[in-house]
Each structure stands twice: as structure tokens, then as C-alpha cells.
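Visitor: Provided below: entry_36.pdb, containing PDB, N, CA and C atoms.
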```pdb
ATOM      1  N   MET A   1       4.747 -27.655   6.258
ATOM      2  CA  MET A   1       4.760 -26.476   5.420
ATOM      3  C   MET A   1       3.602 -25.563   5.817
ATOM      4  N   ALA A   2       3.835 -24.256   5.806
ATOM      5  CA  ALA A   2       2.821 -23.294   6.218
ATOM      6  C   ALA A   2       1.751 -23.140   5.140
ATOM      7  N   ASP A   3       0.542 -22.803   5.599
ATOM      8  CA  ASP A   3      -0.536 -22.542   4.663
ATOM      9  C   ASP A   3      -0.205 -21.292   3.847
ATOM     10  N   PRO A   4      -0.578 -21.290   2.560
ATOM     11  CA  PRO A   4      -0.336 -20.082   1.773
ATOM     12  C   PRO A   4      -1.185 -18.927   2.295
ATOM     13  N   VAL A   5      -0.633 -17.729   2.224
ATOM     14  CA  VAL A   5      -1.307 -16.542   2.725
ATOM     15  C   VAL A   5      -1.684 -15.665   1.540
ATOM     16  N   ALA A   6      -2.925 -15.213   1.512
ATOM     17  CA  ALA A   6      -3.371 -14.316   0.449
ATOM     18  C   ALA A   6      -2.856 -12.910   0.730
ATOM     19  N   ARG A   7      -2.296 -12.305  -0.297
ATOM     20  CA  ARG A   7      -1.764 -10.949  -0.193
ATOM     21  C   ARG A   7      -2.735  -9.976  -0.851
ATOM     22  N   LEU A   8      -3.062  -8.903  -0.142
ATOM     23  CA  LEU A   8      -3.879  -7.837  -0.697
ATOM     24  C   LEU A   8      -3.045  -7.075  -1.716
ATOM     25  N   LEU A   9      -3.560  -6.961  -2.925
ATOM     26  CA  LEU A   9      -2.836  -6.265  -3.984
ATOM     27  C   LEU A   9      -3.140  -4.766  -3.944
ATOM     28  N   PRO A  10      -2.237  -3.950  -4.478
ATOM     29  CA  PRO A  10      -2.427  -2.492  -4.417
ATOM     30  C   PRO A  10      -3.369  -1.947  -5.488
ATOM     31  N   TRP A  11      -4.240  -2.769  -5.997
ATOM     32  CA  TRP A  11      -5.258  -2.321  -6.948
ATOM     33  C   TRP A  11      -6.534  -3.095  -6.690
ATOM     34  N   SER A  12      -7.621  -2.587  -7.261
ATOM     35  CA  SER A  12      -8.929  -3.214  -7.103
ATOM     36  C   SER A  12      -9.381  -3.806  -8.427
ATOM     37  N   SER A  13     -10.392  -4.654  -8.356
ATOM     38  CA  SER A  13     -10.990  -5.201  -9.569
ATOM     39  C   SER A  13     -11.776  -4.083 -10.264
ATOM     40  N   PRO A  14     -12.183  -4.281 -11.514
ATOM     41  CA  PRO A  14     -12.954  -3.246 -12.214
ATOM     42  C   PRO A  14     -14.231  -2.826 -11.474
ATOM     43  N   ASP A  15     -14.798  -3.733 -10.685
ATOM     44  CA  ASP A  15     -16.006  -3.374  -9.939
ATOM     45  C   ASP A  15     -15.697  -2.886  -8.519
ATOM     46  N   GLY A  16     -14.422  -2.626  -8.228
ATOM     47  CA  GLY A  16     -14.046  -2.014  -6.954
ATOM     48  C   GLY A  16     -13.748  -2.966  -5.818
ATOM     49  N   ASN A  17     -13.775  -4.267  -6.073
ATOM     50  CA  ASN A  17     -13.483  -5.243  -5.017
ATOM     51  C   ASN A  17     -11.982  -5.422  -4.847
ATOM     52  N   PRO A  18     -11.548  -5.778  -3.639
ATOM     53  CA  PRO A  18     -10.118  -6.007  -3.422
ATOM     54  C   PRO A  18      -9.639  -7.219  -4.215
ATOM     55  N   CYS A  19      -8.372  -7.156  -4.623
ATOM     56  CA  CYS A  19      -7.742  -8.266  -5.339
ATOM     57  C   CYS A  19      -6.665  -8.871  -4.444
ATOM     58  N   PHE A  20      -6.492 -10.180  -4.547
ATOM     59  CA  PHE A  20      -5.521 -10.902  -3.737
ATOM     60  C   PHE A  20      -4.717 -11.833  -4.626
ATOM     61  N   VAL A  21      -3.525 -12.192  -4.151
ATOM     62  CA  VAL A  21      -2.697 -13.181  -4.830
ATOM     63  C   VAL A  21      -2.057 -14.054  -3.757
ATOM     64  N   ILE A  22      -1.807 -15.289  -4.116
ATOM     65  CA  ILE A  22      -1.100 -16.206  -3.222
ATOM     66  C   ILE A  22       0.221 -16.551  -3.879
ATOM     67  N   GLY A  23       1.274 -16.477  -3.110
ATOM     68  CA  GLY A  23       2.587 -16.827  -3.628
ATOM     69  C   GLY A  23       3.442 -15.598  -3.894
ATOM     70  N   SER A  24       4.631 -15.845  -4.424
ATOM     71  CA  SER A  24       5.586 -14.757  -4.636
ATOM     72  C   SER A  24       6.065 -14.721  -6.082
ATOM     73  N   GLY A  25       5.163 -14.972  -7.005
ATOM     74  CA  GLY A  25       5.509 -14.992  -8.415
ATOM     75  C   GLY A  25       5.459 -13.621  -9.060
ATOM     76  N   TYR A  26       5.198 -13.624 -10.359
ATOM     77  CA  TYR A  26       5.212 -12.411 -11.170
ATOM     78  C   TYR A  26       4.237 -11.353 -10.648
ATOM     79  N   VAL A  27       3.011 -11.730 -10.358
ATOM     80  CA  VAL A  27       2.005 -10.756  -9.898
ATOM     81  C   VAL A  27       2.446 -10.117  -8.585
ATOM     82  N   SER A  28       3.030 -10.892  -7.718
ATOM     83  CA  SER A  28       3.515 -10.368  -6.445
ATOM     84  C   SER A  28       4.645  -9.359  -6.669
ATOM     85  N   ARG A  29       5.528  -9.648  -7.618
ATOM     86  CA  ARG A  29       6.622  -8.716  -7.915
ATOM     87  C   ARG A  29       6.085  -7.427  -8.543
ATOM     88  N   VAL A  30       5.078  -7.541  -9.400
ATOM     89  CA  VAL A  30       4.453  -6.343  -9.969
ATOM     90  C   VAL A  30       3.810  -5.529  -8.842
ATOM     91  N   ALA A  31       3.158  -6.197  -7.912
ATOM     92  CA  ALA A  31       2.535  -5.516  -6.774
ATOM     93  C   ALA A  31       3.589  -4.777  -5.946
ATOM     94  N   ASP A  32       4.749  -5.394  -5.741
ATOM     95  CA  ASP A  32       5.838  -4.722  -5.015
ATOM     96  C   ASP A  32       6.231  -3.423  -5.716
ATOM     97  N   THR A  33       6.358  -3.482  -7.039
ATOM     98  CA  THR A  33       6.731  -2.304  -7.821
ATOM     99  C   THR A  33       5.665  -1.221  -7.726
ATOM    100  N   VAL A  34       4.403  -1.607  -7.855
ATOM    101  CA  VAL A  34       3.305  -0.636  -7.765
ATOM    102  C   VAL A  34       3.270   0.005  -6.382
ATOM    103  N   GLU A  35       3.451  -0.797  -5.330
ATOM    104  CA  GLU A  35       3.463  -0.256  -3.964
ATOM    105  C   GLU A  35       4.585   0.758  -3.793
ATOM    106  N   GLU A  36       5.776   0.443  -4.291
ATOM    107  CA  GLU A  36       6.908   1.373  -4.168
ATOM    108  C   GLU A  36       6.615   2.674  -4.906
ATOM    109  N   GLU A  37       6.000   2.574  -6.091
ATOM    110  CA  GLU A  37       5.639   3.773  -6.845
ATOM    111  C   GLU A  37       4.584   4.593  -6.099
ATOM    112  N   GLN A  38       3.620   3.932  -5.483
ATOM    113  CA  GLN A  38       2.588   4.634  -4.724
ATOM    114  C   GLN A  38       3.187   5.360  -3.525
ATOM    115  N   LEU A  39       4.101   4.710  -2.828
ATOM    116  CA  LEU A  39       4.738   5.339  -1.668
ATOM    117  C   LEU A  39       5.607   6.514  -2.094
ATOM    118  N   ALA A  40       6.337   6.375  -3.193
ATOM    119  CA  ALA A  40       7.169   7.473  -3.691
ATOM    120  C   ALA A  40       6.304   8.645  -4.130
ATOM    121  N   SER A  41       5.183   8.359  -4.758
ATOM    122  CA  SER A  41       4.258   9.402  -5.188
ATOM    123  C   SER A  41       3.705  10.161  -3.984
ATOM    124  N   ALA A  42       3.410   9.440  -2.917
ATOM    125  CA  ALA A  42       2.907  10.082  -1.696
ATOM    126  C   ALA A  42       3.954  11.020  -1.111
ATOM    127  N   VAL A  43       5.215  10.615  -1.112
ATOM    128  CA  VAL A  43       6.296  11.467  -0.600
ATOM    129  C   VAL A  43       6.386  12.745  -1.429
ATOM    130  N   ASP A  44       6.324  12.604  -2.755
ATOM    131  CA  ASP A  44       6.365  13.777  -3.634
ATOM    132  C   ASP A  44       5.182  14.702  -3.383
ATOM    133  N   LEU A  45       4.018  14.125  -3.192
ATOM    134  CA  LEU A  45       2.815  14.909  -2.962
ATOM    135  C   LEU A  45       2.867  15.647  -1.627
ATOM    136  N   ILE A  46       3.452  15.024  -0.626
ATOM    137  CA  ILE A  46       3.622  15.701   0.671
ATOM    138  C   ILE A  46       4.494  16.939   0.497
ATOM    139  N   ALA A  47       5.586  16.805  -0.257
ATOM    140  CA  ALA A  47       6.473  17.950  -0.501
ATOM    141  C   ALA A  47       5.736  19.051  -1.259
ATOM    142  N   GLU A  48       4.952  18.670  -2.265
ATOM    143  CA  GLU A  48       4.182  19.642  -3.025
ATOM    144  C   GLU A  48       3.161  20.342  -2.128
ATOM    145  N   ALA A  49       2.491  19.582  -1.275
ATOM    146  CA  ALA A  49       1.496  20.160  -0.370
ATOM    147  C   ALA A  49       2.147  21.172   0.572
ATOM    148  N   ARG A  50       3.299  20.831   1.066
ATOM    149  CA  ARG A  50       3.997  21.757   1.969
ATOM    150  C   ARG A  50       4.340  23.062   1.263
ATOM    151  N   CYS A  51       4.778  22.966   0.010
ATOM    152  CA  CYS A  51       5.109  24.177  -0.757
ATOM    153  C   CYS A  51       3.873  25.029  -1.011
ATOM    154  N   VAL A  52       2.804  24.386  -1.444
ATOM    155  CA  VAL A  52       1.564  25.119  -1.729
ATOM    156  C   VAL A  52       1.064  25.803  -0.461
ATOM    157  N   LEU A  53       1.035  25.082   0.631
ATOM    158  CA  LEU A  53       0.499  25.635   1.870
ATOM    159  C   LEU A  53       1.405  26.708   2.460
ATOM    160  N   ALA A  54       2.713  26.570   2.281
ATOM    161  CA  ALA A  54       3.646  27.562   2.807
ATOM    162  C   ALA A  54       3.517  28.895   2.080
ATOM    163  N   GLY A  55       3.165  28.841   0.788
ATOM    164  CA  GLY A  55       3.047  30.062   0.000
ATOM    165  C   GLY A  55       1.876  30.941   0.393
ATOM    166  N   ARG A  56       0.854  30.345   0.961
ATOM    167  CA  ARG A  56      -0.345  31.052   1.415
ATOM    168  C   ARG A  56      -0.982  31.907   0.314
ATOM    169  N   GLY A  57      -0.702  31.563  -0.937
ATOM    170  CA  GLY A  57      -1.293  32.307  -2.037
ATOM    171  C   GLY A  57      -2.086  31.391  -2.946
ATOM    172  N   TRP A  58      -2.659  30.360  -2.391
ATOM    173  CA  TRP A  58      -3.357  29.355  -3.186
ATOM    174  C   TRP A  58      -4.763  29.805  -3.554
ATOM    175  N   THR A  59      -5.246  29.195  -4.624
ATOM    176  CA  THR A  59      -6.637  29.426  -5.011
ATOM    177  C   THR A  59      -7.477  28.275  -4.481
ATOM    178  N   SER A  60      -8.781  28.449  -4.508
ATOM    179  CA  SER A  60      -9.661  27.366  -4.035
ATOM    180  C   SER A  60      -9.519  26.142  -4.943
ATOM    181  N   GLY A  61      -9.289  26.368  -6.246
ATOM    182  CA  GLY A  61      -9.094  25.250  -7.168
ATOM    183  C   GLY A  61      -7.837  24.465  -6.850
ATOM    184  N   GLU A  62      -6.753  25.178  -6.505
ATOM    185  CA  GLU A  62      -5.500  24.506  -6.133
ATOM    186  C   GLU A  62      -5.690  23.672  -4.866
ATOM    187  N   LEU A  63      -6.403  24.240  -3.910
ATOM    188  CA  LEU A  63      -6.654  23.497  -2.668
ATOM    189  C   LEU A  63      -7.528  22.278  -2.923
ATOM    190  N   GLN A  64      -8.522  22.422  -3.796
ATOM    191  CA  GLN A  64      -9.388  21.286  -4.100
ATOM    192  C   GLN A  64      -8.589  20.177  -4.780
ATOM    193  N   LEU A  65      -7.761  20.535  -5.767
ATOM    194  CA  LEU A  65      -6.938  19.533  -6.445
ATOM    195  C   LEU A  65      -5.975  18.870  -5.465
ATOM    196  N   LEU A  66      -5.353  19.665  -4.614
ATOM    197  CA  LEU A  66      -4.437  19.120  -3.621
ATOM    198  C   LEU A  66      -5.153  18.154  -2.686
ATOM    199  N   THR A  67      -6.358  18.500  -2.279
ATOM    200  CA  THR A  67      -7.144  17.635  -1.399
ATOM    201  C   THR A  67      -7.474  16.311  -2.081
ATOM    202  N   VAL A  68      -7.870  16.376  -3.339
ATOM    203  CA  VAL A  68      -8.183  15.149  -4.090
ATOM    204  C   VAL A  68      -6.937  14.272  -4.206
ATOM    205  N   GLU A  69      -5.813  14.882  -4.582
ATOM    206  CA  GLU A  69      -4.576  14.110  -4.754
ATOM    207  C   GLU A  69      -4.081  13.532  -3.431
ATOM    208  N   LEU A  70      -4.162  14.311  -2.367
ATOM    209  CA  LEU A  70      -3.751  13.799  -1.050
ATOM    210  C   LEU A  70      -4.651  12.657  -0.597
ATOM    211  N   THR A  71      -5.937  12.758  -0.862
ATOM    212  CA  THR A  71      -6.864  11.688  -0.490
ATOM    213  C   THR A  71      -6.535  10.411  -1.248
ATOM    214  N   GLU A  72      -6.295  10.528  -2.547
ATOM    215  CA  GLU A  72      -5.934   9.354  -3.351
ATOM    216  C   GLU A  72      -4.641   8.720  -2.850
ATOM    217  N   ALA A  73      -3.665   9.548  -2.529
ATOM    218  CA  ALA A  73      -2.396   9.030  -2.020
ATOM    219  C   ALA A  73      -2.587   8.358  -0.663
ATOM    220  N   LEU A  74      -3.411   8.945   0.193
ATOM    221  CA  LEU A  74      -3.658   8.365   1.511
ATOM    222  C   LEU A  74      -4.349   7.015   1.393
ATOM    223  N   VAL A  75      -5.296   6.902   0.482
ATOM    224  CA  VAL A  75      -5.974   5.624   0.250
ATOM    225  C   VAL A  75      -4.955   4.566  -0.194
ATOM    226  N   ALA A  76      -4.069   4.931  -1.127
ATOM    227  CA  ALA A  76      -3.066   3.985  -1.626
ATOM    228  C   ALA A  76      -2.095   3.567  -0.520
ATOM    229  N   VAL A  77      -1.621   4.532   0.255
ATOM    230  CA  VAL A  77      -0.679   4.229   1.340
ATOM    231  C   VAL A  77      -1.350   3.374   2.413
ATOM    232  N   HIS A  78      -2.610   3.652   2.701
ATOM    233  CA  HIS A  78      -3.344   2.841   3.679
ATOM    234  C   HIS A  78      -3.452   1.395   3.197
ATOM    235  N   ARG A  79      -3.731   1.202   1.914
ATOM    236  CA  ARG A  79      -3.842  -0.151   1.353
ATOM    237  C   ARG A  79      -2.497  -0.881   1.440
ATOM    238  N   VAL A  80      -1.398  -0.168   1.152
ATOM    239  CA  VAL A  80      -0.060  -0.763   1.269
ATOM    240  C   VAL A  80       0.196  -1.162   2.719
ATOM    241  N   ALA A  81      -0.162  -0.289   3.646
ATOM    242  CA  ALA A  81       0.046  -0.590   5.072
ATOM    243  C   ALA A  81      -0.771  -1.803   5.500
ATOM    244  N   GLU A  82      -2.025  -1.887   5.049
ATOM    245  CA  GLU A  82      -2.854  -3.053   5.368
ATOM    246  C   GLU A  82      -2.216  -4.334   4.842
ATOM    247  N   SER A  83      -1.792  -4.290   3.599
ATOM    248  CA  SER A  83      -1.206  -5.472   2.961
ATOM    249  C   SER A  83       0.072  -5.907   3.680
ATOM    250  N   ARG A  84       0.948  -4.952   3.919
ATOM    251  CA  ARG A  84       2.228  -5.284   4.574
ATOM    252  C   ARG A  84       2.024  -5.679   6.027
ATOM    253  N   GLY A  85       1.097  -5.019   6.698
ATOM    254  CA  GLY A  85       0.805  -5.383   8.088
ATOM    255  C   GLY A  85       0.262  -6.793   8.204
ATOM    256  N   ALA A  86      -0.613  -7.163   7.288
ATOM    257  CA  ALA A  86      -1.166  -8.519   7.308
ATOM    258  C   ALA A  86      -0.071  -9.549   7.070
ATOM    259  N   ARG A  87       0.855  -9.233   6.183
ATOM    260  CA  ARG A  87       1.950 -10.174   5.918
ATOM    261  C   ARG A  87       2.899 -10.270   7.103
ATOM    262  N   LEU A  88       3.080  -9.168   7.838
ATOM    263  CA  LEU A  88       3.929  -9.213   9.036
ATOM    264  C   LEU A  88       3.308 -10.101  10.102
ATOM    265  N   VAL A  89       2.002  -9.957  10.304
ATOM    266  CA  VAL A  89       1.299 -10.780  11.298
ATOM    267  C   VAL A  89       1.420 -12.250  10.913
ATOM    268  N   CYS A  90       1.207 -12.562   9.646
ATOM    269  CA  CYS A  90       1.304 -13.956   9.187
ATOM    270  C   CYS A  90       2.716 -14.490   9.363
ATOM    271  N   ALA A  91       3.715 -13.657   9.081
ATOM    272  CA  ALA A  91       5.105 -14.082   9.247
ATOM    273  C   ALA A  91       5.402 -14.360  10.716
ATOM    274  N   ASP A  92       4.874 -13.515  11.628
ATOM    275  CA  ASP A  92       5.067 -13.731  13.056
ATOM    276  C   ASP A  92       4.417 -15.033  13.514
ATOM    277  N   VAL A  93       3.210 -15.297  13.029
ATOM    278  CA  VAL A  93       2.495 -16.526  13.389
ATOM    279  C   VAL A  93       3.261 -17.735  12.878
ATOM    280  N   GLN A  94       3.715 -17.675  11.641
ATOM    281  CA  GLN A  94       4.454 -18.801  11.068
ATOM    282  C   GLN A  94       5.765 -19.033  11.816
ATOM    283  N   SER A  95       6.436 -17.948  12.207
ATOM    284  CA  SER A  95       7.676 -18.071  12.968
ATOM    285  C   SER A  95       7.414 -18.709  14.329
ATOM    286  N   SER A  96       6.330 -18.287  14.989
ATOM    287  CA  SER A  96       5.967 -18.859  16.286
ATOM    288  C   SER A  96       5.635 -20.332  16.162
ATOM    289  N   GLN A  97       4.960 -20.691  15.067
ATOM    290  CA  GLN A  97       4.608 -22.106  14.843
ATOM    291  C   GLN A  97       5.867 -22.948  14.633
ATOM    292  N   ARG A  98       6.824 -22.419  13.895
ATOM    293  CA  ARG A  98       8.084 -23.150  13.671
ATOM    294  C   ARG A  98       8.832 -23.346  14.990
ATOM    295  N   GLU A  99       8.847 -22.314  15.831
ATOM    296  CA  GLU A  99       9.542 -22.405  17.112
ATOM    297  C   GLU A  99       8.867 -23.386  18.046
ATOM    298  N   ALA A 100       7.544 -23.493  17.958
ATOM    299  CA  ALA A 100       6.792 -24.357  18.855
ATOM    300  C   ALA A 100       6.805 -25.826  18.407
ATOM    301  N   SER A 101       7.032 -26.068  17.124
ATOM    302  CA  SER A 101       7.010 -27.454  16.661
ATOM    303  C   SER A 101       8.313 -28.159  17.008
ATOM    304  N   PRO A 102       8.214 -29.459  17.340
ATOM    305  CA  PRO A 102       9.417 -30.202  17.722
ATOM    306  C   PRO A 102      10.328 -30.401  16.518
ATOM    307  N   ALA A 103      11.615 -30.385  16.776
ATOM    308  CA  ALA A 103      12.596 -30.609  15.712
ATOM    309  C   ALA A 103      12.518 -32.055  15.237
ATOM    310  N   THR A 104      12.640 -32.227  13.929
ATOM    311  CA  THR A 104      12.585 -33.590  13.379
ATOM    312  C   THR A 104      13.916 -34.026  12.873
TER     313      THR A 104
END
```
Show me, as C-alpha cells, the structure contained in the file I just sent.
Guide:
Amino acid sequence: MADPVARLLPWSSPDGNPCFVIGSGYVSRVADTVEEEQLASAVDLIAEARCVLAGRGWTSGELQLLTVELTEALVAVHRVAESRGARLVCADVQSSQREASPAT
């Protein structure tokens, strides 16, 4: 049996440290939902940014708010990518280990 792999969760602890979970239970399913919401929010924000920038009639306050929101979305999407990328690498390693082990 493969060693359990810690999954990076899409939120931090109250003091800003990364949170992890092992397994595919309730917390993992909640994390999946949060990640999907974060990715959907980023898509919406990209569309909003394109509209604001295309209008060329923005104020400095609108640009500042857009920058803050885009930064927050980028941080969330980066965390999702890190988490999913780490799980892909682990899945590849586990698959390679299964292929290399003799059949019983």
C-alpha cells in the first residue's frame, strides 16, 4: 500500500501557515469545492478586468481595486496549482512504483 500523501488545502491557518490533510474524506471534498469556487471566481474576475480595461475610462480607485482582486485571485489559483501539481507528481510516482513491483 502506498504511503499517504498530504494535500495542501486552499486555505491557511489563522496565523497564515499552510494547512494540509491526508486522505479523501470530508475535508478533502470541502477543499475540492473551495478550489472550484476559487477557479470560477478567477475566470469571472478575468472577464471583469477585460471589460474595465477595454473601456479605458477607469479611475485610479477602480484600477487599485481590480489590482487587489486580481492579486488575491492569482494567489488562490497558484495555491490550487501547487496542490494539484503535487498530487499529480505523487500519483505518477505511485503508478511507477506499482509498475516496477513484481506481480503477486
Visitor: Please provide the set of residues having any atom within 8 Å of Leu70 of chain A, restricted to all atoms listed in the file, with same-chain residues fewer than 6 positions apart removed, written as a list in words.
Guide: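 These residues fall inside the cut-off: Ala42, Leu45, Ile46, Gln64 and Ala76 of chain A.
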Visitor: Please return as an MDAnalysis selection string: the residues of chain A that backbone DSSP assigns to alpha helix (DSSP H).
Guide: chainID A and resid 26:55 60:100
Visitor: I'd like to know which residues of chain A are strand (DSSP E or B) (by DSSP, run on the backbone); could you write them as an mmCIF file with N, CA and C atoms, keeping the file's coordinate frame?
Guide:
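File part.cif, as written:
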```cif
data_model
loop_
_atom_site.group_PDB
_atom_site.id
_atom_site.type_symbol
_atom_site.label_atom_id
_atom_site.label_comp_id
_atom_site.auth_asym_id
_atom_site.auth_seq_id
_atom_site.Cartn_x
_atom_site.Cartn_y
_atom_site.Cartn_z
ATOM 1 N N ALA A 6 -2.925 -15.213 1.512
ATOM 2 C CA ALA A 6 -3.371 -14.316 0.449
ATOM 3 C C ALA A 6 -2.856 -12.910 0.730
ATOM 4 N N ARG A 7 -2.296 -12.305 -0.297
ATOM 5 C CA ARG A 7 -1.764 -10.949 -0.193
ATOM 6 C C ARG A 7 -2.735 -9.976 -0.851
ATOM 7 N N LEU A 8 -3.062 -8.903 -0.142
ATOM 8 C CA LEU A 8 -3.879 -7.837 -0.697
ATOM 9 C C LEU A 8 -3.045 -7.075 -1.716
ATOM 10 N N LEU A 9 -3.560 -6.961 -2.925
ATOM 11 C CA LEU A 9 -2.836 -6.265 -3.984
ATOM 12 C C LEU A 9 -3.140 -4.766 -3.944
ATOM 13 N N PRO A 10 -2.237 -3.950 -4.478
ATOM 14 C CA PRO A 10 -2.427 -2.492 -4.417
ATOM 15 C C PRO A 10 -3.369 -1.947 -5.488
ATOM 16 N N TRP A 11 -4.240 -2.769 -5.997
ATOM 17 C CA TRP A 11 -5.258 -2.321 -6.948
ATOM 18 C C TRP A 11 -6.534 -3.095 -6.690
ATOM 19 N N SER A 12 -7.621 -2.587 -7.261
ATOM 20 C CA SER A 12 -8.929 -3.214 -7.103
ATOM 21 C C SER A 12 -9.381 -3.806 -8.427
ATOM 22 N N PRO A 18 -11.548 -5.778 -3.639
ATOM 23 C CA PRO A 18 -10.118 -6.007 -3.422
ATOM 24 C C PRO A 18 -9.639 -7.219 -4.215
ATOM 25 N N CYS A 19 -8.372 -7.156 -4.623
ATOM 26 C CA CYS A 19 -7.742 -8.266 -5.339
ATOM 27 C C CYS A 19 -6.665 -8.871 -4.444
ATOM 28 N N PHE A 20 -6.492 -10.180 -4.547
ATOM 29 C CA PHE A 20 -5.521 -10.902 -3.737
ATOM 30 C C PHE A 20 -4.717 -11.833 -4.626
ATOM 31 N N VAL A 21 -3.525 -12.192 -4.151
ATOM 32 C CA VAL A 21 -2.697 -13.181 -4.830
ATOM 33 C C VAL A 21 -2.057 -14.054 -3.757
ATOM 34 N N ILE A 22 -1.807 -15.289 -4.116
ATOM 35 C CA ILE A 22 -1.100 -16.206 -3.222
ATOM 36 C C ILE A 22 0.221 -16.551 -3.879
#
```
Visitor: For atom C of Ala73 of chain A and atom CA of Val21 of chain A, determine how far apart the two atoms are, in Å to one decimal place.
Guide: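 A separation of 21.9 Å between them.
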Visitor: Using all atoms listed in the file, which residues sit within 8 Å of segment 49-51 of chain A once same-chain residues fewer than 6 positions away are excluded, as a PyMOL selection string?
Guide: chain A and resi 43+57+66
Visitor: Would you mind exporting the chosen residues as a PDB file, in the frame of the given file, restricted to N, CA and C atoms?
Guide:
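The resulting file, out_20.pdb, is shown below:
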```pdb
ATOM      1  N   VAL A  43       5.215  10.615  -1.112  1.00  0.00           N
ATOM      2  CA  VAL A  43       6.296  11.467  -0.600  1.00  0.00           C
ATOM      3  C   VAL A  43       6.386  12.745  -1.429  1.00  0.00           C
ATOM      4  N   GLY A  57      -0.702  31.563  -0.937  1.00  0.00           N
ATOM      5  CA  GLY A  57      -1.293  32.307  -2.037  1.00  0.00           C
ATOM      6  C   GLY A  57      -2.086  31.391  -2.946  1.00  0.00           C
ATOM      7  N   LEU A  66      -5.353  19.665  -4.614  1.00  0.00           N
ATOM      8  CA  LEU A  66      -4.437  19.120  -3.621  1.00  0.00           C
ATOM      9  C   LEU A  66      -5.153  18.154  -2.686  1.00  0.00           C
TER      10      LEU A  66
END
```
Visitor: Expand the PyMOL selection byres (((chain A and resi 10 and name CA) around 7) and name CA) into the explicit residue set it covers here, and present it as a list in words.
Guide: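 For this structure, the PyMOL selection byres (((chain A and resi 10 and name CA) around 7) and name CA) resolves to Leu8, Leu9, Trp11, Ala31, Val34, Glu35, Arg79 and Val80 of chain A.
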Visitor: Calculate how many Å separate atom N of Ala47 of chain A from atom C of Gly61 of chain A, rounding to one decimal.
Guide: 16.8 Å
Visitor: One decimal, Å: what's the distance from atom C of Ala6 of chain A over to atom CA of Cys19 of chain A, could you say?
Guide: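 Separating atom C of Ala6 of chain A from atom CA of Cys19 of chain A is a distance of 9.1 Å.
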Visitor: Can you list what the PyMOL selection byres ((chain A and resi 23) around 6.5) grabs from this structure, as a PyMOL selection string?
Guide: chain A and resi 4-7+21-22+24-25+28
Visitor: Rank A:Val68, A:Ala86, A:Val77, A:Leu53 by their smallest atom-to-atom distance to Glu37 of chain A, using only C-alpha atoms, and report the top residue only.
Guide: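 With only C-alpha atoms as the atom set, the closest residue is A:Val77.
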Visitor: Have a look at A:Tyr26, A:Leu63, A:Arg56, A:Asp32 and name the one nearest to Arg84 of chain A; count only C-alpha atoms.
Guide: A:Asp32
